[in-house]
Structure formats: C-alpha cells, structure tokens
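query13.txt follows (compact mmCIF, C-alpha atoms):
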```
# COMPACT_ATOMS: atom_id res chain seq x y z
CA MET B 1 -27.61 13.86 -24.44
CA ILE B 2 -26.89 10.21 -23.73
CA ALA B 3 -29.55 7.61 -23.17
CA PRO B 4 -30.77 7.11 -19.58
CA MET B 5 -28.49 4.98 -17.49
CA PRO B 6 -29.53 1.32 -17.08
CA PHE B 7 -29.17 1.68 -13.31
CA ALA B 8 -30.89 4.02 -10.90
CA GLU B 9 -29.37 6.58 -8.58
CA GLU B 10 -31.95 5.60 -5.98
CA GLU B 11 -30.44 2.12 -5.77
CA ALA B 12 -27.02 3.57 -4.90
CA LEU B 13 -28.54 5.82 -2.25
CA ARG B 14 -30.45 2.89 -0.74
CA ARG B 15 -27.24 0.86 -0.50
CA ASP B 16 -25.48 3.75 1.22
CA ALA B 17 -28.24 3.95 3.81
CA GLU B 18 -27.97 0.22 4.49
CA ASP B 19 -24.18 -0.10 4.26
CA PRO B 20 -22.52 3.18 5.25
CA GLY B 21 -18.77 3.59 5.50
CA ARG B 22 -16.87 6.11 7.65
CA ARG B 23 -16.86 9.03 5.22
CA GLU B 24 -17.72 11.48 7.99
CA LEU B 25 -14.27 10.85 9.52
CA PHE B 26 -12.45 12.21 6.45
CA ARG B 27 -12.01 15.49 4.61
CA VAL B 28 -13.34 14.87 1.12
CA PRO B 29 -12.05 17.36 -1.49
CA PRO B 30 -14.62 19.57 -3.22
CA ALA B 31 -15.58 18.54 -6.72
CA ASP B 32 -13.89 20.33 -9.62
CA GLY B 33 -16.88 19.76 -11.86
CA GLY B 34 -20.31 18.20 -12.07
CA ARG B 35 -23.37 18.84 -9.96
CA TYR B 36 -22.27 17.45 -6.58
CA PRO B 37 -20.31 19.48 -4.00
CA GLU B 38 -17.84 16.73 -3.02
CA SER B 39 -15.54 14.68 -5.20
CA ALA B 40 -16.23 11.04 -5.86
CA TYR B 41 -12.69 10.12 -4.82
CA PHE B 42 -11.26 6.94 -6.34
CA ALA B 43 -7.54 7.71 -5.99
CA GLY B 44 -6.93 6.30 -2.51
CA ASN B 45 -4.65 3.73 -4.13
CA SER B 46 -2.35 6.67 -4.89
CA LEU B 47 -2.99 9.03 -1.96
CA GLY B 48 -5.60 8.46 0.72
CA LEU B 49 -7.77 11.21 2.12
CA GLN B 50 -6.98 13.12 5.30
CA PRO B 51 -8.69 11.88 8.47
CA ARG B 52 -10.37 14.75 10.31
CA ALA B 53 -8.48 13.85 13.49
CA THR B 54 -5.05 14.30 11.88
CA ARG B 55 -4.80 18.09 12.05
CA ALA B 56 -5.63 18.42 15.75
CA GLU B 57 -3.37 15.56 16.80
CA LEU B 58 -0.47 16.85 14.73
CA LEU B 59 -0.90 20.29 16.30
CA GLN B 60 -0.70 18.68 19.75
CA ASP B 61 2.76 17.34 18.88
CA LEU B 62 3.81 20.74 17.58
CA ASP B 63 2.54 22.40 20.74
CA ALA B 64 4.69 20.04 22.82
CA TRP B 65 7.79 21.33 21.04
CA ALA B 66 6.74 24.96 21.65
CA ARG B 67 6.01 24.32 25.33
CA LEU B 68 8.78 21.92 26.29
CA GLY B 69 11.65 22.31 23.85
CA VAL B 70 14.17 19.48 24.23
CA GLU B 71 12.35 18.13 27.29
CA GLY B 72 9.60 16.93 24.98
CA HIS B 73 11.69 13.82 24.35
CA LEU B 74 10.61 12.56 27.76
CA GLU B 75 7.90 14.92 29.03
CA ALA B 76 5.53 15.39 26.10
CA GLU B 77 2.09 13.78 26.38
CA ARG B 78 3.38 11.44 23.68
CA PRO B 79 7.13 11.49 24.46
CA TRP B 80 9.32 11.62 21.38
CA LEU B 81 12.01 9.23 22.54
CA PRO B 82 9.77 6.12 22.44
CA TYR B 83 7.22 7.62 19.99
CA HIS B 84 7.70 4.96 17.32
CA GLU B 85 6.65 2.31 19.85
CA LEU B 86 3.14 3.77 19.82
CA LEU B 87 2.83 2.60 16.22
CA THR B 88 4.33 -0.86 16.56
CA GLU B 89 1.43 -2.90 17.89
CA PRO B 90 -1.31 -1.40 15.67
CA ALA B 91 0.94 -1.76 12.62
CA ALA B 92 1.59 -5.38 13.56
CA ARG B 93 -2.13 -6.05 13.90
CA LEU B 94 -2.78 -4.47 10.53
CA VAL B 95 -0.41 -6.83 8.67
CA GLY B 96 -0.84 -9.94 10.81
CA ALA B 97 2.58 -9.82 12.43
CA LEU B 98 4.07 -9.99 15.90
CA PRO B 99 5.05 -6.64 17.45
CA GLU B 100 8.73 -7.61 17.56
CA GLU B 101 8.56 -8.31 13.81
CA THR B 102 7.28 -4.82 12.97
CA VAL B 103 8.62 -1.29 12.88
CA VAL B 104 7.41 1.97 11.26
CA MET B 105 10.28 3.92 9.71
CA ASN B 106 11.55 5.68 6.58
CA SER B 107 9.87 5.53 3.18
CA LEU B 108 9.06 2.41 1.19
CA THR B 109 11.99 2.19 -1.21
CA VAL B 110 14.52 3.17 1.46
CA ASN B 111 13.18 0.31 3.55
CA LEU B 112 13.38 -2.13 0.65
CA HIS B 113 17.03 -1.22 0.17
CA LEU B 114 17.79 -1.63 3.89
CA LEU B 115 16.10 -5.02 3.85
CA MET B 116 17.93 -6.14 0.73
CA VAL B 117 21.22 -5.26 2.43
CA SER B 118 20.34 -8.08 4.83
CA PHE B 119 18.46 -10.51 2.64
CA TYR B 120 19.79 -10.29 -0.90
CA ARG B 121 22.90 -12.45 -0.75
CA PRO B 122 23.85 -13.62 -4.23
CA ALA B 123 26.23 -16.57 -4.32
CA GLY B 124 27.48 -18.22 -7.49
CA GLU B 125 24.63 -19.38 -9.71
CA ARG B 126 22.04 -18.39 -7.09
CA SER B 127 21.96 -14.67 -7.82
CA ARG B 128 18.73 -13.87 -9.65
CA ILE B 129 15.96 -11.57 -8.41
CA VAL B 130 12.39 -12.31 -9.49
CA ILE B 131 9.92 -9.42 -9.84
CA GLU B 132 6.71 -8.83 -11.80
CA ASP B 133 7.03 -7.47 -15.31
CA THR B 134 4.53 -4.80 -14.24
CA ALA B 135 6.31 -4.03 -10.96
CA PHE B 136 6.13 -0.42 -9.85
CA PRO B 137 9.12 1.33 -11.45
CA SER B 138 10.68 2.22 -8.11
CA ASP B 139 10.91 -1.49 -7.23
CA SER B 140 12.47 -2.20 -10.61
CA TYR B 141 15.04 0.55 -10.13
CA ALA B 142 15.79 -0.70 -6.62
CA VAL B 143 16.49 -4.32 -7.53
CA ARG B 144 18.51 -3.36 -10.59
CA SER B 145 20.65 -1.06 -8.48
CA GLN B 146 21.11 -3.82 -5.90
CA ALA B 147 22.35 -6.14 -8.66
CA ARG B 148 24.83 -3.50 -9.82
CA PHE B 149 25.93 -2.92 -6.21
CA HIS B 150 26.93 -6.58 -6.04
CA GLY B 151 28.85 -6.32 -9.31
CA LEU B 152 26.17 -8.13 -11.34
CA ASP B 153 24.56 -7.31 -14.67
CA PRO B 154 20.96 -6.26 -13.88
CA ASP B 155 19.76 -7.30 -17.33
CA LYS B 156 20.81 -10.87 -16.54
CA THR B 157 20.13 -10.85 -12.81
CA VAL B 158 16.60 -9.41 -12.68
CA VAL B 159 13.93 -11.78 -14.02
CA ARG B 160 10.63 -10.13 -14.91
CA LEU B 161 7.61 -12.46 -14.94
CA ARG B 162 4.06 -11.85 -16.02
CA ASP B 163 1.99 -12.98 -13.01
CA GLY B 164 1.83 -15.25 -10.01
CA ASP B 165 1.31 -18.41 -12.07
CA GLU B 166 4.42 -17.67 -14.11
CA VAL B 167 6.39 -17.02 -10.92
CA LEU B 168 5.36 -20.41 -9.51
CA ASP B 169 6.30 -22.16 -12.76
CA PHE B 170 9.67 -20.40 -12.92
CA LEU B 171 10.51 -21.27 -9.32
CA GLU B 172 9.75 -24.93 -10.00
CA ARG B 173 11.96 -24.97 -13.12
CA GLU B 174 14.81 -22.61 -12.21
CA GLY B 175 14.45 -21.92 -8.50
CA ASP B 176 18.03 -22.98 -7.80
CA THR B 177 19.20 -19.82 -9.59
CA VAL B 178 16.98 -17.46 -7.55
CA ALA B 179 18.38 -15.59 -4.54
CA LEU B 180 15.38 -13.29 -3.97
CA VAL B 181 11.71 -13.17 -4.89
CA LEU B 182 10.36 -9.63 -4.43
CA LEU B 183 6.81 -9.06 -5.63
CA GLY B 184 3.96 -6.63 -5.05
CA GLY B 185 1.23 -8.15 -2.91
CA VAL B 186 -1.36 -6.27 -4.97
CA ASN B 187 -0.13 -5.22 -8.39
CA TYR B 188 -0.21 -1.44 -8.69
CA LEU B 189 -1.25 -1.48 -12.36
CA THR B 190 -3.84 -4.25 -12.62
CA GLY B 191 -5.05 -4.45 -9.02
CA GLU B 192 -4.45 -8.22 -8.93
CA LEU B 193 -3.90 -9.74 -5.47
CA LEU B 194 -1.14 -12.34 -5.72
CA ASP B 195 -1.25 -15.59 -3.75
CA ILE B 196 1.19 -14.48 -1.06
CA PRO B 197 1.26 -17.73 0.98
CA ALA B 198 1.61 -20.01 -2.07
CA ILE B 199 4.38 -17.96 -3.68
CA THR B 200 6.16 -17.59 -0.35
CA ALA B 201 6.10 -21.36 0.18
CA ALA B 202 7.30 -22.02 -3.38
CA GLY B 203 10.13 -19.54 -3.03
CA HIS B 204 11.30 -21.12 0.20
CA ALA B 205 11.03 -24.61 -1.29
CA ALA B 206 13.35 -23.43 -4.05
CA GLY B 207 15.84 -22.14 -1.49
CA ALA B 208 15.19 -18.44 -2.15
CA ILE B 209 14.52 -15.52 0.17
CA VAL B 210 11.00 -14.11 -0.27
CA GLY B 211 10.04 -10.49 0.34
CA TRP B 212 6.89 -8.52 -0.44
CA ASP B 213 6.13 -4.93 -1.36
CA LEU B 214 2.76 -4.36 0.28
CA ALA B 215 2.24 -0.75 -0.80
CA HIS B 216 -1.11 -1.62 -2.40
CA ALA B 217 -2.01 -4.38 0.04
CA ALA B 218 -1.60 -2.84 3.51
CA GLY B 219 -4.96 -1.45 4.61
CA ASN B 220 -6.57 -2.89 1.47
CA VAL B 221 -6.65 -6.67 2.04
CA PRO B 222 -6.24 -8.82 5.17
CA LEU B 223 -2.66 -9.96 5.72
CA ARG B 224 -1.16 -12.71 7.93
CA LEU B 225 2.54 -12.16 7.48
CA HIS B 226 3.75 -14.09 10.51
CA ASP B 227 1.70 -17.17 9.59
CA TRP B 228 2.52 -16.98 5.87
CA GLY B 229 6.21 -16.75 6.69
CA PRO B 230 7.88 -14.42 4.17
CA ASP B 231 11.34 -13.35 5.21
CA PHE B 232 10.51 -9.65 5.02
CA ALA B 233 8.00 -7.13 3.76
CA ALA B 234 7.68 -3.37 3.45
CA TRP B 235 4.78 -1.02 2.81
CA CYS B 236 3.93 2.66 2.61
CA SER B 237 1.19 4.42 4.56
CA TYR B 238 0.08 7.22 2.25
CA LYS B 239 -2.27 5.12 0.11
CA TYR B 240 -4.93 3.07 1.89
CA LEU B 241 -3.51 4.02 5.29
CA ASN B 242 -4.29 7.72 4.77
CA SER B 243 -1.22 9.10 6.55
CA GLY B 244 -0.38 11.89 4.11
CA PRO B 245 1.94 12.47 1.16
CA GLY B 246 5.37 10.91 1.65
CA ALA B 247 4.30 9.37 4.97
CA LEU B 248 6.47 6.84 6.76
CA GLY B 249 6.44 3.22 5.71
CA GLY B 250 6.46 -0.02 7.65
CA VAL B 251 8.77 -3.02 7.82
CA PHE B 252 8.22 -6.67 8.72
CA VAL B 253 11.06 -9.08 9.46
CA HIS B 254 10.02 -12.61 10.36
CA ARG B 255 10.84 -13.72 13.89
CA ARG B 256 13.16 -16.49 12.72
CA HIS B 257 15.62 -13.83 11.54
CA LEU B 258 15.54 -11.60 14.61
CA GLY B 259 18.79 -11.54 16.49
CA ASP B 260 20.62 -13.49 13.76
CA PRO B 261 24.23 -12.27 13.99
CA SER B 262 25.02 -13.46 10.46
CA LEU B 263 22.68 -10.91 8.86
CA ARG B 264 24.39 -7.85 7.45
CA ARG B 265 22.59 -4.68 8.43
CA PHE B 266 23.32 -0.97 8.35
CA GLU B 267 23.21 0.63 11.79
CA GLY B 268 22.82 4.03 13.39
CA TRP B 269 21.63 5.84 16.52
CA TRP B 270 18.28 4.07 16.69
CA SER B 271 19.61 0.58 15.85
CA THR B 272 20.87 -0.03 19.36
CA GLU B 273 18.77 -1.18 22.30
CA PRO B 274 16.95 1.78 23.90
CA GLU B 275 17.87 0.82 27.46
CA THR B 276 21.55 1.57 26.84
CA ARG B 277 21.28 4.16 24.06
CA PHE B 278 22.37 7.04 26.25
CA GLU B 279 25.41 5.24 27.56
CA MET B 280 26.91 6.61 24.33
CA ALA B 281 28.90 3.42 23.73
CA PRO B 282 30.87 3.19 20.46
CA VAL B 283 29.51 -0.25 19.53
CA SER B 284 25.82 -0.87 18.82
CA ARG B 285 23.87 -3.48 20.76
CA PRO B 286 20.88 -4.11 18.49
CA PRO B 287 17.69 -5.55 19.98
CA ALA B 288 16.34 -8.89 18.78
CA SER B 289 13.47 -7.19 16.98
CA ALA B 290 12.70 -5.34 13.77
CA ASP B 291 13.77 -2.17 15.61
CA ALA B 292 17.35 -3.22 14.85
CA TRP B 293 16.78 -2.15 11.21
CA GLN B 294 16.15 1.45 12.27
CA ILE B 295 18.98 3.91 11.73
CA SER B 296 18.00 7.46 12.65
CA ASN B 297 15.76 8.84 15.33
CA PRO B 298 12.15 8.97 14.12
CA PRO B 299 10.55 12.09 12.57
CA ILE B 300 7.81 12.81 15.06
CA TYR B 301 5.62 14.98 12.83
CA ALA B 302 5.64 12.28 10.16
CA MET B 303 4.78 9.60 12.71
CA GLY B 304 1.79 11.44 14.16
CA PRO B 305 -0.50 10.99 11.14
CA VAL B 306 0.47 7.31 10.90
CA ARG B 307 -0.51 6.82 14.54
CA THR B 308 -3.83 8.58 13.94
CA SER B 309 -4.57 6.40 10.93
CA LEU B 310 -3.60 3.12 12.59
CA ARG B 311 -5.91 3.89 15.49
CA LEU B 312 -8.76 4.25 13.00
CA PHE B 313 -7.98 0.87 11.44
CA ASP B 314 -7.92 -0.67 14.90
CA GLU B 315 -11.33 0.82 15.68
CA VAL B 316 -12.98 -0.34 12.44
CA GLY B 317 -11.10 -3.60 11.86
CA MET B 318 -9.76 -5.07 8.64
CA SER B 319 -12.40 -7.81 8.52
CA GLU B 320 -15.20 -5.25 8.46
CA LEU B 321 -13.36 -3.11 5.92
CA ARG B 322 -12.64 -6.06 3.67
CA ALA B 323 -16.27 -7.18 3.72
CA ARG B 324 -17.47 -3.72 2.73
CA SER B 325 -14.71 -3.47 0.13
CA VAL B 326 -15.92 -6.65 -1.58
CA ARG B 327 -19.49 -5.33 -1.65
CA LEU B 328 -18.53 -1.83 -2.82
CA THR B 329 -16.10 -2.94 -5.53
CA GLY B 330 -18.54 -5.60 -6.67
CA TYR B 331 -21.22 -2.93 -7.05
CA LEU B 332 -18.93 -0.72 -9.13
CA GLU B 333 -18.03 -3.73 -11.25
CA SER B 334 -21.73 -4.49 -11.82
CA LEU B 335 -22.28 -0.93 -13.06
CA LEU B 336 -19.27 -1.10 -15.35
CA ASP B 337 -20.57 -4.39 -16.74
CA ARG B 338 -23.56 -2.49 -18.10
CA ILE B 339 -21.58 0.15 -19.98
CA VAL B 340 -18.15 -1.30 -20.81
CA PRO B 341 -19.24 -3.99 -23.34
CA THR B 342 -20.39 -1.34 -25.85
CA ARG B 343 -17.34 0.91 -25.41
CA PRO B 344 -13.62 0.64 -26.17
CA ILE B 345 -12.84 -0.21 -22.53
CA THR B 346 -11.67 -3.44 -20.90
CA VAL B 347 -11.52 -4.12 -17.17
CA VAL B 348 -8.17 -5.88 -16.65
CA THR B 349 -8.51 -6.58 -12.90
CA PRO B 350 -9.53 -10.17 -12.01
CA ARG B 351 -13.25 -10.63 -11.49
CA ASP B 352 -12.81 -13.00 -8.55
CA PRO B 353 -12.99 -10.86 -5.36
CA GLU B 354 -10.44 -13.20 -3.75
CA ARG B 355 -7.88 -12.20 -6.39
CA ARG B 356 -8.12 -8.43 -6.04
CA GLY B 357 -8.33 -5.58 -3.56
CA CYS B 358 -10.63 -2.63 -4.07
CA GLN B 359 -9.00 -1.33 -7.27
CA LEU B 360 -10.48 -1.84 -10.74
CA SER B 361 -8.18 -1.00 -13.65
CA LEU B 362 -9.67 -0.05 -17.01
CA ARG B 363 -7.71 -0.33 -20.25
CA ILE B 364 -8.71 2.47 -22.61
CA GLU B 365 -8.44 1.11 -26.12
CA ARG B 366 -8.79 4.43 -27.94
CA GLY B 367 -7.68 7.87 -26.90
CA SER B 368 -5.64 8.94 -23.90
CA ALA B 369 -6.08 7.52 -20.41
CA ALA B 370 -4.74 10.75 -18.94
CA GLU B 371 -7.24 12.82 -20.92
CA LEU B 372 -10.10 10.60 -19.78
CA ALA B 373 -9.01 10.98 -16.13
CA ARG B 374 -8.87 14.76 -16.65
CA ARG B 375 -12.41 14.86 -18.06
CA LEU B 376 -13.80 12.65 -15.30
CA ARG B 377 -12.41 15.05 -12.72
CA HIS B 378 -13.09 18.43 -14.28
CA GLU B 379 -16.43 17.66 -15.92
CA HIS B 380 -17.92 15.29 -13.34
CA GLY B 381 -15.98 15.62 -10.07
CA VAL B 382 -14.84 11.98 -10.27
CA VAL B 383 -11.19 11.65 -9.21
CA THR B 384 -9.32 8.68 -10.70
CA ASP B 385 -5.75 8.35 -11.87
CA ALA B 386 -4.09 7.32 -15.12
CA ARG B 387 -1.06 5.12 -15.73
CA GLU B 388 0.36 5.52 -19.18
CA PRO B 389 -0.19 4.55 -21.78
CA ASP B 390 -3.74 3.23 -21.42
CA ILE B 391 -4.86 2.45 -17.84
CA VAL B 392 -7.34 4.38 -15.70
CA ARG B 393 -7.51 3.14 -12.10
CA MET B 394 -10.58 3.38 -9.87
CA ALA B 395 -10.35 2.41 -6.20
CA PRO B 396 -13.59 2.58 -4.18
CA THR B 397 -12.00 2.71 -0.74
CA PRO B 398 -14.28 1.17 1.91
CA LEU B 399 -13.49 3.71 4.63
CA TYR B 400 -14.80 6.73 2.74
CA SER B 401 -16.14 5.83 -0.71
CA THR B 402 -19.86 5.42 -1.21
CA TYR B 403 -22.16 3.50 -3.50
CA HIS B 404 -23.29 6.85 -4.82
CA ASP B 405 -19.68 7.63 -5.73
CA CYS B 406 -19.66 4.40 -7.76
CA TRP B 407 -22.89 5.42 -9.49
CA ARG B 408 -21.39 8.83 -10.33
CA ALA B 409 -18.27 7.19 -11.74
CA ALA B 410 -20.24 4.89 -14.01
CA VAL B 411 -22.44 7.72 -15.28
CA ALA B 412 -19.41 9.92 -15.89
CA LEU B 413 -17.56 7.16 -17.74
CA ALA B 414 -20.57 6.52 -19.95
CA GLU B 415 -20.75 10.21 -20.83
CA CYS B 416 -17.02 10.61 -21.48
CA VAL B 417 -16.51 7.50 -23.62
CA ALA B 418 -18.78 7.13 -26.63
CA GLU B 419 -20.29 3.78 -27.55
CA ASP B 420 -18.87 1.94 -30.55
CA ARG B 421 -20.95 2.45 -33.63
```
Starting from the file, give its structure as structure tokens.
Amino acid sequence: MIAPMPFAEEEALRRDAEDPGRRELFRVPPADGGRYPESAYFAGNSLGLQPRATRAELLQDLDAWARLGVEGHLEAERPWLPYHELLTEPAARLVGALPEETVVMNSLTVNLHLLMVSFYRPAGERSRIVIEDTAFPSDSYAVRSQARFHGLDPDKTVVRLRDGDEVLDFLEREGDTVALVLLGGVNYLTGELLDIPAITAAGHAAGAIVGWDLAHAAGNVPLRLHDWGPDFAAWCSYKYLNSGPGALGGVFVHRRHLGDPSLRRFEGWWSTEPETRFEMAPVSRPPASADAWQISNPPIYAMGPVRTSLRLFDEVGMSELRARSVRLTGYLESLLDRIVPTRPITVVTPRDPERRGCQLSLRIERGSAAELARRLRHEHGVVTDAREPDIVRMAPTPLYSTYHDCWRAAVALAECVAEDR
C-alpha cells in the first residue's frame, strides 16, 4: 500500500460541481481497470471522444442516400453538392479566419503538400525550410520529400531548430536563406504553444513564407489566423475537434493570396467555381477563395462528423473552453507537483499557461513510457499515450475531462511509479 495521497478526492468532486464541462455530450469509453466504470480519458490530443450526436446525424446522411440515390446531391436535407459549405463558417470562426480563407478537405498531410505546391518556391540561395527538431514525423517526411521534389538535398535544405526562440534567432541571422517556415502551433511532443504571431512576423520580415501545422492547436487554444497573417495553415479534426479517426482536415489561405494567378496549384473537379461546374468546360475557373485548393468532390460521410463537432464548438465557444482548460490543466499540474519531485519523472511542458494548451508531457527517467501508459490504463482506467522513448502525454480536454479524472490520474501515477529511495 502507498501512503495516503496529499490531496483529497472530495476537492476534485467539489471543483467538478462548481466548474462542470460537457462530458454528458460525449461517449466516454468504459474503464479497462480500476474501480470506476468510465475511463479517465487523457488522449484527446491523439483521438478525441465521440460526441453523442454524431451517430444519429451520420445516419441521417446515410438515409438520404438510401431514399434519394443520386438526387441526394440536390434534394437531401443537407444536399451533398454544397455540403462542404456547411462547414466553412464554423471552421473559420474556430481558427479566427474569414470564411473565404477557409475550407475543410482531405487529411492534414495531404493538405500540407497541396499548400506547399503553392507556397514553397525555392529560388537560388533562398531554399531552406525551417521546422522544429521535434516536429511530428509526418511533417518532417513531408518537407523532406518536397525538397527532393525540387531537386534539393533534404539534409541541407531542411533546418531543424529546437524551439521558438531558436527559430527567431535563426531568422534574424540567416533569414535570407529561408523560403518556408513550417512549424507546429502546439508541439505534439512537449505541448508547448509557440508564439504564432511573433514567429509569423519574423518570418515575413526575413522574406520567407510562413505556414503552420495546427493539428494540436485547433480546438485547443484560441487562434486569430487572419489577424496574425500567416500565409497558410492546416489542421486535422480528429484530435481536439472530436470528428473521428482519419477525419477531414482544414485549410487556411490568407486573403492576400486569394485569386493570385501567379500561385501554382493542383486542380480538379471541385477547384472550379460552383456556379459553372456543370457546364463541363475543359478549363477550370477557380474561385477567389480557399475553395480553389480543393480537388475532388467532398466525402459526405467524413464531413458529417466534422459538421457535428464544429456546431458544438460554436455553441460552447473557444473563450469558455480555453478558460476551463487553463483551470483544469492547472489543477492537474498542481497535483503532479505533489508527487513528481520524489519520483523519476519530469514535466517538460512549460508551466506558463500562456505557453501551452491542455497537454502536459511527462518524461519518464527510468523504465518504459509505453509500459507506464499500459499500466495506467489496465490497472487504473486512466488512458494516456506514450511517445518513445520516454514521454507520457496527458491532455485534460475541457469539453469532457473532469477534475476527478485529474485526481484519478495523479493517484494512478503515484501508485505506478515508485518514489526514489
């Protein structure tokens, strides 16, 4: 038996009564272990939970196909032909963009490639791509393949930097060699929120294009993309946006680039203006909006859950979610502060709430991070995830996580990781 915890379960329950989230709107998986029926789910930074409304609304779209066949393109309750337009305005509100700057389409890395077709334009000495050293591997693979596509050596072209401060210093010193800055808004490994407006401004001052991967930022932290002015951004919707595994991503292209005929862009059936699409003309007439980056007609059954989720974010509001996120993550941090100092664990996420989202990353200094995540789940019903070799990530998501979940996580961690002797 371990010693009694230096924090009371009653305190967590009191906080939940005073500061409830929207857990009742989600399907929380049953616990695989421990004494509580539901999981304490901290893996929303990897895959968000299913909103209860998703199943019924997805079935409505399926029923339209059964009832209408091809006529569903125009006659369904939510007609398929303009379906993606239902997502545009709520997606724009979520990331602080104008509707014409925003489109929901494809998956994240596909979108990054389509955007780099337009915005990565190496020329002479200005050819380098700046990313974080701890960028998500898919981003690293993408930019290296883009360098190779342009006939460049990725080992020389891709510059990997430690953090935002190092990026700013590098842009000041060697910005005239940089064609593209492409960083994660919130780092997937450490949970650090980068200074998006400052880095964007520094990149532009150096003459570079600036894009952002917002996979861990969209639905996690407030964003003001139009005002901050990056050239482009992309995000997924299966993490904090709770739209299901492999769900469609989103794209932002700043208004100053819309309708620019000098931009190279791949085109297809959905790249042309909708008013003349069925004239079946051989030459595309792209609209002066982010819709011009679309290629194929949208997958309706993948769009439905995104629409359901975005409506929920509209109803709750990012300002309310962010405020609860700061309180909830701060509470988990306060509990960890009472157990981590005597154990071989270090919290590597910044302590300043302004420099992080809801994720706290723990470096496990002895043993296996994956084994610890397994024990937390199967012995205590606490779902986290591990990133090799030594990081366990915990994300108390403000929509559905509770203070009691945080209490359970701290108790479970204390039981699974012995104190140093």
* Residue nearest B:Asp227 among B:Gly96, B:Gly304, B:Pro344, B:Gly33 (counting only C-alpha atoms) -> B:Gly96
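Atom CA of B:Thr88 is found 14.6 Å from atom CA of B:Leu225.
Comparing B:Tyr141, B:Tyr400, B:Phe266, B:Trp407 by their smallest distance to B:Arg23, the closest is B:Tyr400 (using all atoms listed in the file).
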* Show which residues sit within 9 Å of B:His257, as a count of residues only. Count only C-alpha atoms, and ignore same-chain residues fewer than 3 positions away. => 7
Take every atom of stretch 251-258 of chain B listed in the file, fit an axis-aligned box around them, add 6 Å per side, and give the centre and edge lengths in Å to one decimal as AutoDock Vina command-line options.
```
--center_x 11.9 --center_y -9.8 --center_z 11.2 --size_x 19.4 --size_y 25.5 --size_z 18.8
```
Hey, what's within 12 Å of B:Gly219 if we count all atoms listed in the file and toss same-chain stuff fewer than 4 positions away? As an mmCIF file with C-alpha atoms, in the frame of the given file, please?
```cif
data_model
loop_
_atom_site.group_PDB
_atom_site.id
_atom_site.type_symbol
_atom_site.label_atom_id
_atom_site.label_comp_id
_atom_site.auth_asym_id
_atom_site.auth_seq_id
_atom_site.Cartn_x
_atom_site.Cartn_y
_atom_site.Cartn_z
ATOM 1 C CA GLY B 44 -6.930 6.300 -2.510
ATOM 2 C CA ASN B 45 -4.650 3.730 -4.130
ATOM 3 C CA GLY B 48 -5.600 8.460 0.720
ATOM 4 C CA PRO B 90 -1.310 -1.400 15.670
ATOM 5 C CA ALA B 91 0.940 -1.760 12.620
ATOM 6 C CA ALA B 92 1.590 -5.380 13.560
ATOM 7 C CA ARG B 93 -2.130 -6.050 13.900
ATOM 8 C CA LEU B 94 -2.780 -4.470 10.530
ATOM 9 C CA VAL B 95 -0.410 -6.830 8.670
ATOM 10 C CA GLY B 96 -0.840 -9.940 10.810
ATOM 11 C CA GLY B 185 1.230 -8.150 -2.910
ATOM 12 C CA VAL B 186 -1.360 -6.270 -4.970
ATOM 13 C CA LEU B 214 2.760 -4.360 0.280
ATOM 14 C CA ALA B 215 2.240 -0.750 -0.800
ATOM 15 C CA LEU B 223 -2.660 -9.960 5.720
ATOM 16 C CA TRP B 235 4.780 -1.020 2.810
ATOM 17 C CA CYS B 236 3.930 2.660 2.610
ATOM 18 C CA SER B 237 1.190 4.420 4.560
ATOM 19 C CA TYR B 238 0.080 7.220 2.250
ATOM 20 C CA LYS B 239 -2.270 5.120 0.110
ATOM 21 C CA TYR B 240 -4.930 3.070 1.890
ATOM 22 C CA LEU B 241 -3.510 4.020 5.290
ATOM 23 C CA ASN B 242 -4.290 7.720 4.770
ATOM 24 C CA SER B 243 -1.220 9.100 6.550
ATOM 25 C CA GLY B 250 6.460 -0.020 7.650
ATOM 26 C CA SER B 309 -4.570 6.400 10.930
ATOM 27 C CA LEU B 310 -3.600 3.120 12.590
ATOM 28 C CA LEU B 312 -8.760 4.250 13.000
ATOM 29 C CA PHE B 313 -7.980 0.870 11.440
ATOM 30 C CA ASP B 314 -7.920 -0.670 14.900
ATOM 31 C CA VAL B 316 -12.980 -0.340 12.440
ATOM 32 C CA GLY B 317 -11.100 -3.600 11.860
ATOM 33 C CA MET B 318 -9.760 -5.070 8.640
ATOM 34 C CA SER B 319 -12.400 -7.810 8.520
ATOM 35 C CA GLU B 320 -15.200 -5.250 8.460
ATOM 36 C CA LEU B 321 -13.360 -3.110 5.920
ATOM 37 C CA ARG B 322 -12.640 -6.060 3.670
ATOM 38 C CA SER B 325 -14.710 -3.470 0.130
ATOM 39 C CA GLY B 357 -8.330 -5.580 -3.560
ATOM 40 C CA CYS B 358 -10.630 -2.630 -4.070
ATOM 41 C CA THR B 397 -12.000 2.710 -0.740
ATOM 42 C CA PRO B 398 -14.280 1.170 1.910
ATOM 43 C CA LEU B 399 -13.490 3.710 4.630
#
```
